[in-house]
>>> print(open('model.cif').read())   # mmCIF, N, CA and C atoms
data_run
loop_
_atom_site.group_PDB
_atom_site.id
_atom_site.type_symbol
_atom_site.label_atom_id
_atom_site.label_comp_id
_atom_site.auth_asym_id
_atom_site.auth_seq_id
_atom_site.Cartn_x
_atom_site.Cartn_y
_atom_site.Cartn_z
ATOM 1 N N MET A 1 0.845 -1.178 0.000
ATOM 2 C CA MET A 1 0.000 0.000 0.000
ATOM 3 C C MET A 1 0.888 1.239 0.000
ATOM 4 N N ASP A 2 0.667 2.098 -0.956
ATOM 5 C CA ASP A 2 1.442 3.311 -1.104
ATOM 6 C C ASP A 2 0.774 4.439 -0.326
ATOM 7 N N LEU A 3 1.397 4.878 0.755
ATOM 8 C CA LEU A 3 0.798 5.913 1.600
ATOM 9 C C LEU A 3 0.892 7.299 0.981
ATOM 10 N N SER A 4 1.876 7.514 0.120
ATOM 11 C CA SER A 4 2.018 8.838 -0.481
ATOM 12 C C SER A 4 0.876 9.154 -1.433
ATOM 13 N N SER A 5 0.317 8.153 -2.098
ATOM 14 C CA SER A 5 -0.799 8.421 -3.007
ATOM 15 C C SER A 5 -2.097 8.662 -2.236
ATOM 16 N N ARG A 6 -2.206 8.102 -1.033
ATOM 17 C CA ARG A 6 -3.422 8.309 -0.239
ATOM 18 C C ARG A 6 -3.496 9.709 0.336
ATOM 19 N N HIS A 7 -2.369 10.328 0.564
ATOM 20 C CA HIS A 7 -2.337 11.649 1.180
ATOM 21 C C HIS A 7 -1.823 12.705 0.216
ATOM 22 N N SER A 8 -2.196 12.567 -1.040
ATOM 23 C CA SER A 8 -1.764 13.558 -2.021
ATOM 24 C C SER A 8 -2.548 14.845 -1.821
ATOM 25 N N PRO A 9 -1.997 15.997 -2.190
ATOM 26 C CA PRO A 9 -2.688 17.270 -2.006
ATOM 27 C C PRO A 9 -3.983 17.368 -2.798
ATOM 28 N N GLN A 10 -4.098 16.603 -3.879
ATOM 29 C CA GLN A 10 -5.316 16.679 -4.674
ATOM 30 C C GLN A 10 -6.481 16.006 -3.975
ATOM 31 N N ARG A 11 -6.228 14.967 -3.205
ATOM 32 C CA ARG A 11 -7.313 14.267 -2.529
ATOM 33 C C ARG A 11 -7.675 14.930 -1.217
ATOM 34 N N HIS A 12 -6.730 15.542 -0.560
ATOM 35 C CA HIS A 12 -6.965 16.186 0.725
ATOM 36 C C HIS A 12 -6.487 17.635 0.643
ATOM 37 N N PRO A 13 -7.352 18.536 0.162
ATOM 38 C CA PRO A 13 -6.909 19.928 0.031
ATOM 39 C C PRO A 13 -6.661 20.554 1.401
ATOM 40 N N ASP A 14 -5.913 21.615 1.369
ATOM 41 C CA ASP A 14 -5.597 22.337 2.593
ATOM 42 C C ASP A 14 -6.882 22.812 3.258
ATOM 43 N N PRO A 15 -7.099 22.486 4.537
ATOM 44 C CA PRO A 15 -8.344 22.915 5.186
ATOM 45 C C PRO A 15 -8.463 24.430 5.290
ATOM 46 N N GLY A 16 -7.351 25.143 5.242
ATOM 47 C CA GLY A 16 -7.415 26.599 5.265
ATOM 48 C C GLY A 16 -8.124 27.154 4.047
ATOM 49 N N TYR A 17 -7.835 26.557 2.887
ATOM 50 C CA TYR A 17 -8.524 26.973 1.670
ATOM 51 C C TYR A 17 -10.004 26.631 1.734
ATOM 52 N N ARG A 18 -10.325 25.483 2.309
ATOM 53 C CA ARG A 18 -11.730 25.082 2.416
ATOM 54 C C ARG A 18 -12.494 26.048 3.313
ATOM 55 N N HIS A 19 -11.901 26.415 4.433
ATOM 56 C CA HIS A 19 -12.577 27.353 5.333
ATOM 57 C C HIS A 19 -12.700 28.731 4.702
ATOM 58 N N LEU A 20 -11.666 29.164 4.007
ATOM 59 C CA LEU A 20 -11.702 30.464 3.344
ATOM 60 C C LEU A 20 -12.738 30.476 2.218
ATOM 61 N N SER A 21 -12.833 29.384 1.474
ATOM 62 C CA SER A 21 -13.836 29.296 0.412
ATOM 63 C C SER A 21 -15.243 29.310 0.996
ATOM 64 N N LEU A 22 -15.452 28.579 2.067
ATOM 65 C CA LEU A 22 -16.768 28.560 2.703
ATOM 66 C C LEU A 22 -17.115 29.934 3.262
ATOM 67 N N LEU A 23 -16.158 30.594 3.867
ATOM 68 C CA LEU A 23 -16.387 31.945 4.385
ATOM 69 C C LEU A 23 -16.710 32.912 3.239
ATOM 70 N N THR A 24 -16.026 32.772 2.120
ATOM 71 C CA THR A 24 -16.317 33.613 0.956
ATOM 72 C C THR A 24 -17.740 33.382 0.469
ATOM 73 N N GLY A 25 -18.159 32.128 0.399
ATOM 74 C CA GLY A 25 -19.520 31.823 -0.020
ATOM 75 C C GLY A 25 -20.560 32.417 0.908
ATOM 76 N N VAL A 26 -20.319 32.342 2.210
ATOM 77 C CA VAL A 26 -21.261 32.899 3.187
ATOM 78 C C VAL A 26 -21.313 34.418 3.082
ATOM 79 N N VAL A 27 -20.155 35.063 2.961
ATOM 80 C CA VAL A 27 -20.111 36.525 2.866
ATOM 81 C C VAL A 27 -20.804 37.015 1.597
ATOM 82 N N VAL A 28 -20.571 36.346 0.483
ATOM 83 C CA VAL A 28 -21.221 36.758 -0.764
ATOM 84 C C VAL A 28 -22.729 36.522 -0.680
ATOM 85 N N ALA A 29 -23.151 35.415 -0.059
ATOM 86 C CA ALA A 29 -24.583 35.158 0.106
ATOM 87 C C ALA A 29 -25.232 36.240 0.971
ATOM 88 N N LEU A 30 -24.575 36.623 2.061
ATOM 89 C CA LEU A 30 -25.109 37.685 2.915
ATOM 90 C C LEU A 30 -25.106 39.029 2.194
ATOM 91 N N LEU A 31 -24.063 39.280 1.413
ATOM 92 C CA LEU A 31 -23.985 40.525 0.650
ATOM 93 C C LEU A 31 -25.142 40.635 -0.337
ATOM 94 N N LEU A 32 -25.408 39.548 -1.062
ATOM 95 C CA LEU A 32 -26.494 39.577 -2.042
ATOM 96 C C LEU A 32 -27.865 39.590 -1.379
ATOM 97 N N THR A 33 -27.953 39.068 -0.164
ATOM 98 C CA THR A 33 -29.231 39.071 0.550
ATOM 99 C C THR A 33 -29.553 40.448 1.105
ATOM 100 N N PHE A 34 -28.580 41.072 1.757
ATOM 101 C CA PHE A 34 -28.845 42.337 2.442
ATOM 102 C C PHE A 34 -28.551 43.579 1.588
ATOM 103 N N PHE A 35 -27.701 43.453 0.583
ATOM 104 C CA PHE A 35 -27.368 44.564 -0.306
ATOM 105 C C PHE A 35 -27.463 44.120 -1.764
ATOM 106 N N PRO A 36 -28.665 43.817 -2.249
ATOM 107 C CA PRO A 36 -28.773 43.335 -3.636
ATOM 108 C C PRO A 36 -28.433 44.398 -4.672
ATOM 109 N N ASP A 37 -28.369 45.661 -4.264
ATOM 110 C CA ASP A 37 -28.026 46.728 -5.210
ATOM 111 C C ASP A 37 -26.575 46.659 -5.671
ATOM 112 N N VAL A 38 -25.781 45.802 -5.063
ATOM 113 C CA VAL A 38 -24.393 45.666 -5.491
ATOM 114 C C VAL A 38 -24.324 45.102 -6.914
ATOM 115 N N ALA A 39 -25.379 44.411 -7.335
ATOM 116 C CA ALA A 39 -25.418 43.845 -8.691
ATOM 117 C C ALA A 39 -26.231 44.729 -9.630
ATOM 118 N N ARG A 40 -26.222 46.030 -9.373
ATOM 119 C CA ARG A 40 -26.903 46.994 -10.239
ATOM 120 C C ARG A 40 -25.891 48.025 -10.729
ATOM 121 N N THR A 41 -26.217 48.635 -11.834
ATOM 122 C CA THR A 41 -25.373 49.702 -12.353
ATOM 123 C C THR A 41 -25.708 50.998 -11.616
ATOM 124 N N THR A 42 -24.971 52.052 -11.906
ATOM 125 C CA THR A 42 -25.240 53.330 -11.247
ATOM 126 C C THR A 42 -26.567 53.927 -11.690
ATOM 127 N N ARG A 43 -27.061 53.506 -12.837
ATOM 128 C CA ARG A 43 -28.361 53.986 -13.322
ATOM 129 C C ARG A 43 -29.532 53.185 -12.748
ATOM 130 N N GLY A 44 -29.254 52.153 -11.970
ATOM 131 C CA GLY A 44 -30.299 51.352 -11.355
ATOM 132 C C GLY A 44 -30.693 50.115 -12.129
ATOM 133 N N ALA A 45 -30.115 49.908 -13.285
ATOM 134 C CA ALA A 45 -30.419 48.720 -14.084
ATOM 135 C C ALA A 45 -29.647 47.519 -13.535
ATOM 136 N N ALA A 46 -30.226 46.362 -13.694
ATOM 137 C CA ALA A 46 -29.566 45.142 -13.240
ATOM 138 C C ALA A 46 -28.321 44.872 -14.082
ATOM 139 N N ASP A 47 -27.282 44.395 -13.432
ATOM 140 C CA ASP A 47 -26.048 44.025 -14.121
ATOM 141 C C ASP A 47 -25.942 42.502 -14.087
ATOM 142 N N PRO A 48 -26.366 41.825 -15.148
ATOM 143 C CA PRO A 48 -26.378 40.368 -15.110
ATOM 144 C C PRO A 48 -24.979 39.748 -15.039
ATOM 145 N N ILE A 49 -23.981 40.440 -15.558
ATOM 146 C CA ILE A 49 -22.619 39.896 -15.497
ATOM 147 C C ILE A 49 -22.117 39.894 -14.059
ATOM 148 N N ALA A 50 -22.308 41.000 -13.350
ATOM 149 C CA ALA A 50 -21.880 41.061 -11.949
ATOM 150 C C ALA A 50 -22.661 40.066 -11.103
ATOM 151 N N ALA A 51 -23.969 39.949 -11.347
ATOM 152 C CA ALA A 51 -24.785 39.007 -10.580
ATOM 153 C C ALA A 51 -24.341 37.571 -10.829
ATOM 154 N N THR A 52 -24.062 37.237 -12.082
ATOM 155 C CA THR A 52 -23.621 35.881 -12.415
ATOM 156 C C THR A 52 -22.277 35.574 -11.776
ATOM 157 N N LEU A 53 -21.349 36.506 -11.835
ATOM 158 C CA LEU A 53 -20.030 36.278 -11.236
ATOM 159 C C LEU A 53 -20.119 36.154 -9.713
ATOM 160 N N LEU A 54 -20.950 36.977 -9.086
ATOM 161 C CA LEU A 54 -21.116 36.880 -7.632
ATOM 162 C C LEU A 54 -21.769 35.559 -7.230
ATOM 163 N N LEU A 55 -22.780 35.134 -7.983
ATOM 164 C CA LEU A 55 -23.422 33.851 -7.679
ATOM 165 C C LEU A 55 -22.485 32.678 -7.945
ATOM 166 N N TRP A 56 -21.638 32.809 -8.958
ATOM 167 C CA TRP A 56 -20.652 31.762 -9.230
ATOM 168 C C TRP A 56 -19.636 31.687 -8.092
ATOM 169 N N ALA A 57 -19.181 32.840 -7.607
ATOM 170 C CA ALA A 57 -18.243 32.854 -6.479
ATOM 171 C C ALA A 57 -18.890 32.261 -5.239
ATOM 172 N N MET A 58 -20.162 32.578 -5.008
ATOM 173 C CA MET A 58 -20.867 32.043 -3.846
ATOM 174 C C MET A 58 -20.999 30.522 -3.949
ATOM 175 N N THR A 59 -21.435 30.036 -5.107
ATOM 176 C CA THR A 59 -21.618 28.595 -5.284
ATOM 177 C C THR A 59 -20.294 27.853 -5.199
ATOM 178 N N ALA A 60 -19.261 28.392 -5.836
ATOM 179 C CA ALA A 60 -17.945 27.749 -5.771
ATOM 180 C C ALA A 60 -17.407 27.761 -4.344
ATOM 181 N N GLY A 61 -17.676 28.830 -3.607
ATOM 182 C CA GLY A 61 -17.239 28.878 -2.216
ATOM 183 C C GLY A 61 -17.919 27.825 -1.366
ATOM 184 N N PHE A 62 -19.218 27.654 -1.551
ATOM 185 C CA PHE A 62 -19.929 26.626 -0.790
ATOM 186 C C PHE A 62 -19.459 25.227 -1.155
ATOM 187 N N VAL A 63 -19.318 24.952 -2.446
ATOM 188 C CA VAL A 63 -18.926 23.612 -2.874
ATOM 189 C C VAL A 63 -17.480 23.316 -2.500
ATOM 190 N N ALA A 64 -16.576 24.270 -2.718
ATOM 191 C CA ALA A 64 -15.168 24.051 -2.354
ATOM 192 C C ALA A 64 -15.001 23.994 -0.840
ATOM 193 N N GLY A 65 -15.903 24.629 -0.110
ATOM 194 C CA GLY A 65 -15.852 24.576 1.345
ATOM 195 C C GLY A 65 -16.396 23.296 1.939
ATOM 196 N N GLY A 66 -17.033 22.469 1.115
ATOM 197 C CA GLY A 66 -17.500 21.175 1.593
ATOM 198 C C GLY A 66 -19.000 21.022 1.647
ATOM 199 N N VAL A 67 -19.745 22.020 1.212
ATOM 200 C CA VAL A 67 -21.201 21.929 1.220
ATOM 201 C C VAL A 67 -21.641 21.470 -0.165
ATOM 202 N N LEU A 68 -21.946 20.186 -0.302
ATOM 203 C CA LEU A 68 -22.389 19.641 -1.583
ATOM 204 C C LEU A 68 -23.887 19.377 -1.495
ATOM 205 N N PRO A 69 -24.682 19.993 -2.383
ATOM 206 C CA PRO A 69 -26.124 19.820 -2.295
ATOM 207 C C PRO A 69 -26.591 18.412 -2.643
ATOM 208 N N LEU A 70 -26.036 17.810 -3.666
ATOM 209 C CA LEU A 70 -26.416 16.468 -4.100
ATOM 210 C C LEU A 70 -25.175 15.726 -4.559
ATOM 211 N N PRO A 71 -25.182 14.411 -4.426
ATOM 212 C CA PRO A 71 -24.050 13.669 -4.994
ATOM 213 C C PRO A 71 -24.072 13.756 -6.512
ATOM 214 N N LEU A 72 -22.910 13.929 -7.079
ATOM 215 C CA LEU A 72 -22.788 14.084 -8.532
ATOM 216 C C LEU A 72 -22.513 12.749 -9.190
ATOM 217 N N PRO A 73 -22.994 12.576 -10.426
ATOM 218 C CA PRO A 73 -22.608 11.375 -11.173
ATOM 219 C C PRO A 73 -21.104 11.360 -11.394
ATOM 220 N N VAL A 74 -20.564 10.175 -11.579
ATOM 221 C CA VAL A 74 -19.117 9.999 -11.684
ATOM 222 C C VAL A 74 -18.545 10.805 -12.843
ATOM 223 N N ARG A 75 -19.251 10.928 -13.940
ATOM 224 C CA ARG A 75 -18.725 11.650 -15.104
ATOM 225 C C ARG A 75 -18.650 13.154 -14.875
ATOM 226 N N LEU A 76 -19.493 13.693 -14.016
ATOM 227 C CA LEU A 76 -19.511 15.139 -13.794
ATOM 228 C C LEU A 76 -18.571 15.593 -12.686
ATOM 229 N N ARG A 77 -18.046 14.696 -11.892
ATOM 230 C CA ARG A 77 -17.201 15.095 -10.763
ATOM 231 C C ARG A 77 -15.944 15.848 -11.179
ATOM 232 N N PRO A 78 -15.170 15.391 -12.182
ATOM 233 C CA PRO A 78 -13.969 16.166 -12.560
ATOM 234 C C PRO A 78 -14.309 17.559 -13.075
ATOM 235 N N LEU A 79 -15.382 17.670 -13.840
ATOM 236 C CA LEU A 79 -15.791 18.976 -14.353
ATOM 237 C C LEU A 79 -16.237 19.876 -13.210
ATOM 238 N N ALA A 80 -17.011 19.337 -12.298
ATOM 239 C CA ALA A 80 -17.480 20.130 -11.160
ATOM 240 C C ALA A 80 -16.318 20.552 -10.260
ATOM 241 N N CYS A 81 -15.323 19.702 -10.120
ATOM 242 C CA CYS A 81 -14.158 20.055 -9.300
ATOM 243 C C CYS A 81 -13.381 21.209 -9.914
ATOM 244 N N ARG A 82 -13.384 21.317 -11.225
ATOM 245 C CA ARG A 82 -12.686 22.436 -11.878
ATOM 246 C C ARG A 82 -13.520 23.707 -11.854
ATOM 247 N N ILE A 83 -14.796 23.575 -12.128
ATOM 248 C CA ILE A 83 -15.666 24.752 -12.209
ATOM 249 C C ILE A 83 -15.949 25.336 -10.828
ATOM 250 N N LEU A 84 -15.999 24.492 -9.807
ATOM 251 C CA LEU A 84 -16.382 24.938 -8.473
ATOM 252 C C LEU A 84 -15.251 24.743 -7.465
ATOM 253 N N SER A 85 -14.039 25.090 -7.840
ATOM 254 C CA SER A 85 -12.888 24.938 -6.949
ATOM 255 C C SER A 85 -12.623 26.235 -6.180
ATOM 256 N N SER A 86 -11.686 26.179 -5.263
ATOM 257 C CA SER A 86 -11.312 27.373 -4.497
ATOM 258 C C SER A 86 -10.707 28.443 -5.391
ATOM 259 N N SER A 87 -9.895 28.033 -6.355
ATOM 260 C CA SER A 87 -9.294 29.022 -7.257
ATOM 261 C C SER A 87 -10.345 29.658 -8.156
ATOM 262 N N THR A 88 -11.349 28.908 -8.556
ATOM 263 C CA THR A 88 -12.438 29.478 -9.343
ATOM 264 C C THR A 88 -13.261 30.449 -8.506
ATOM 265 N N CYS A 89 -13.435 30.122 -7.232
ATOM 266 C CA CYS A 89 -14.139 31.024 -6.317
ATOM 267 C C CYS A 89 -13.417 32.363 -6.240
ATOM 268 N N LEU A 90 -12.119 32.317 -6.075
ATOM 269 C CA LEU A 90 -11.336 33.547 -6.003
ATOM 270 C C LEU A 90 -11.355 34.297 -7.334
ATOM 271 N N GLY A 91 -11.189 33.578 -8.421
ATOM 272 C CA GLY A 91 -11.177 34.222 -9.729
ATOM 273 C C GLY A 91 -12.487 34.898 -10.076
ATOM 274 N N SER A 92 -13.603 34.224 -9.815
ATOM 275 C CA SER A 92 -14.900 34.834 -10.121
ATOM 276 C C SER A 92 -15.202 35.987 -9.176
ATOM 277 N N LEU A 93 -14.724 35.916 -7.942
ATOM 278 C CA LEU A 93 -14.907 37.036 -7.020
ATOM 279 C C LEU A 93 -14.116 38.261 -7.475
ATOM 280 N N VAL A 94 -12.895 38.051 -7.938
ATOM 281 C CA VAL A 94 -12.083 39.165 -8.443
ATOM 282 C C VAL A 94 -12.720 39.776 -9.685
ATOM 283 N N LEU A 95 -13.207 38.931 -10.595
ATOM 284 C CA LEU A 95 -13.873 39.447 -11.787
ATOM 285 C C LEU A 95 -15.151 40.208 -11.431
ATOM 286 N N ALA A 96 -15.880 39.729 -10.426
ATOM 287 C CA ALA A 96 -17.095 40.432 -9.989
ATOM 288 C C ALA A 96 -16.751 41.788 -9.399
ATOM 289 N N VAL A 97 -15.696 41.856 -8.614
ATOM 290 C CA VAL A 97 -15.284 43.142 -8.029
ATOM 291 C C VAL A 97 -14.863 44.111 -9.126
ATOM 292 N N VAL A 98 -14.148 43.624 -10.120
ATOM 293 C CA VAL A 98 -13.749 44.484 -11.249
ATOM 294 C C VAL A 98 -14.996 44.970 -12.004
ATOM 295 N N GLN A 99 -15.959 44.068 -12.224
ATOM 296 C CA GLN A 99 -17.177 44.447 -12.920
ATOM 297 C C GLN A 99 -17.974 45.490 -12.141
ATOM 298 N N VAL A 100 -18.089 45.299 -10.841
ATOM 299 C CA VAL A 100 -18.837 46.262 -10.015
ATOM 300 C C VAL A 100 -18.078 47.583 -9.925
ATOM 301 N N ALA A 101 -16.763 47.534 -9.889
ATOM 302 C CA ALA A 101 -15.973 48.763 -9.770
ATOM 303 C C ALA A 101 -16.038 49.616 -11.039
ATOM 304 N N THR A 102 -16.373 49.027 -12.165
ATOM 305 C CA THR A 102 -16.442 49.787 -13.401
ATOM 306 C C THR A 102 -17.795 50.465 -13.603
ATOM 307 N N HIS A 103 -18.695 50.329 -12.666
ATOM 308 C CA HIS A 103 -20.022 50.979 -12.784
ATOM 309 C C HIS A 103 -19.880 52.464 -12.671
#
>>> encode(input="model.cif", output="structure tokens")
Amino acid sequence: MDLSSRHSPQRHPDPGYRHLSLLTGVVVALLLTFFPDVARTTRGAADPIAATLLLWAMTAGFVAGGVLPLPLPVRLRPLACRILSSSTCLGSLVLAVVQVATH
């Protein structure tokens, strides 16, 4: 039995990243709940790009933090791990901040 393959970084991500991703998901969820105007332009129109990026960051934060709503089929797991990872959470959050800052 090879112990190094059982404890590879890909199978057991750093718990610090998981907690940070979960915290990001919670903060974005609270932000969108209590301040939904953050996803609006200065003219008051809805900004679907900012809303989509914020919701993507929230969902990726929850999933990367360990909150999985349903078990995924085996074929979708690698795709979901890439789309909803901690790095994707950070990337979509940065893009959302850039989008909101350009209003």
>>> residues_around(input="model.cif", residues="Gly65 in chain A", least_positions_apart="6", cutoff="8 Å", atoms="only N, CA and C atoms", output="PyMOL selection string")
chain A and resi 17-23+25+59+84-86
>>> select_by_dssp(input="model.cif", residues="chain A", states="alpha helix (DSSP H)", output="PyMOL selection string")
chain A and resi 3-6+15-34+48-64+77-83+86-101
>>> residues_around(input="model.cif", residues="His103 in chain A", least_positions_apart="6", cutoff="8 Å", atoms="all atoms listed in the file", output="ChimeraX atom specification")
/A:40-43
>>> residues_near_point(input="model.cif", point="(-21.4, 37.5, -10.9)", cutoff="8 Å", atoms="only N, CA and C atoms", output="ChimeraX atom specification")
/A:39,47-58,92-93,95-97
>>> write_last_selection(input="model.cif", atoms="N, CA and C atoms", output="CSV table (one decimal), in the frame of the given file")
chain,number,residue,atom,x,y,z
A,39,ALA,N,-25.4,44.4,-7.3
A,39,ALA,CA,-25.4,43.8,-8.7
A,39,ALA,C,-26.2,44.7,-9.6
A,47,ASP,N,-27.3,44.4,-13.4
A,47,ASP,CA,-26.0,44.0,-14.1
A,47,ASP,C,-25.9,42.5,-14.1
A,48,PRO,N,-26.4,41.8,-15.1
A,48,PRO,CA,-26.4,40.4,-15.1
A,48,PRO,C,-25.0,39.7,-15.0
A,49,ILE,N,-24.0,40.4,-15.6
A,49,ILE,CA,-22.6,39.9,-15.5
A,49,ILE,C,-22.1,39.9,-14.1
A,50,ALA,N,-22.3,41.0,-13.4
A,50,ALA,CA,-21.9,41.1,-11.9
A,50,ALA,C,-22.7,40.1,-11.1
A,51,ALA,N,-24.0,39.9,-11.3
A,51,ALA,CA,-24.8,39.0,-10.6
A,51,ALA,C,-24.3,37.6,-10.8
A,52,THR,N,-24.1,37.2,-12.1
A,52,THR,CA,-23.6,35.9,-12.4
A,52,THR,C,-22.3,35.6,-11.8
A,53,LEU,N,-21.3,36.5,-11.8
A,53,LEU,CA,-20.0,36.3,-11.2
A,53,LEU,C,-20.1,36.2,-9.7
A,54,LEU,N,-21.0,37.0,-9.1
A,54,LEU,CA,-21.1,36.9,-7.6
A,54,LEU,C,-21.8,35.6,-7.2
A,55,LEU,N,-22.8,35.1,-8.0
A,55,LEU,CA,-23.4,33.9,-7.7
A,55,LEU,C,-22.5,32.7,-7.9
A,56,TRP,N,-21.6,32.8,-9.0
A,56,TRP,CA,-20.7,31.8,-9.2
A,56,TRP,C,-19.6,31.7,-8.1
A,57,ALA,N,-19.2,32.8,-7.6
A,57,ALA,CA,-18.2,32.9,-6.5
A,57,ALA,C,-18.9,32.3,-5.2
A,58,MET,N,-20.2,32.6,-5.0
A,58,MET,CA,-20.9,32.0,-3.8
A,58,MET,C,-21.0,30.5,-3.9
A,92,SER,N,-13.6,34.2,-9.8
A,92,SER,CA,-14.9,34.8,-10.1
A,92,SER,C,-15.2,36.0,-9.2
A,93,LEU,N,-14.7,35.9,-7.9
A,93,LEU,CA,-14.9,37.0,-7.0
A,93,LEU,C,-14.1,38.3,-7.5
A,95,LEU,N,-13.2,38.9,-10.6
A,95,LEU,CA,-13.9,39.4,-11.8
A,95,LEU,C,-15.2,40.2,-11.4
A,96,ALA,N,-15.9,39.7,-10.4
A,96,ALA,CA,-17.1,40.4,-10.0
A,96,ALA,C,-16.8,41.8,-9.4
A,97,VAL,N,-15.7,41.9,-8.6
A,97,VAL,CA,-15.3,43.1,-8.0
A,97,VAL,C,-14.9,44.1,-9.1
>>> atom_distance(input="model.cif", atom1="CA of Cys81 in chain A", atom2="CA of Ala64 in chain A")
8.1 Å
>>> closest_residue(input="model.cif", among="A:Leu32, A:Val38, A:Val27, A:Ile83", to="Val100 in chain A", atoms="all atoms listed in the file")
A:Val38
>>> atom_distance(input="model.cif", atom1="atom C of Thr88 in chain A", atom2="atom C of Ala60 in chain A")
6.5 Å
>>> atom_distance(input="model.cif", atom1="CA of Ala29 in chain A", atom2="atom C of Phe62 in chain A")
11.2 Å
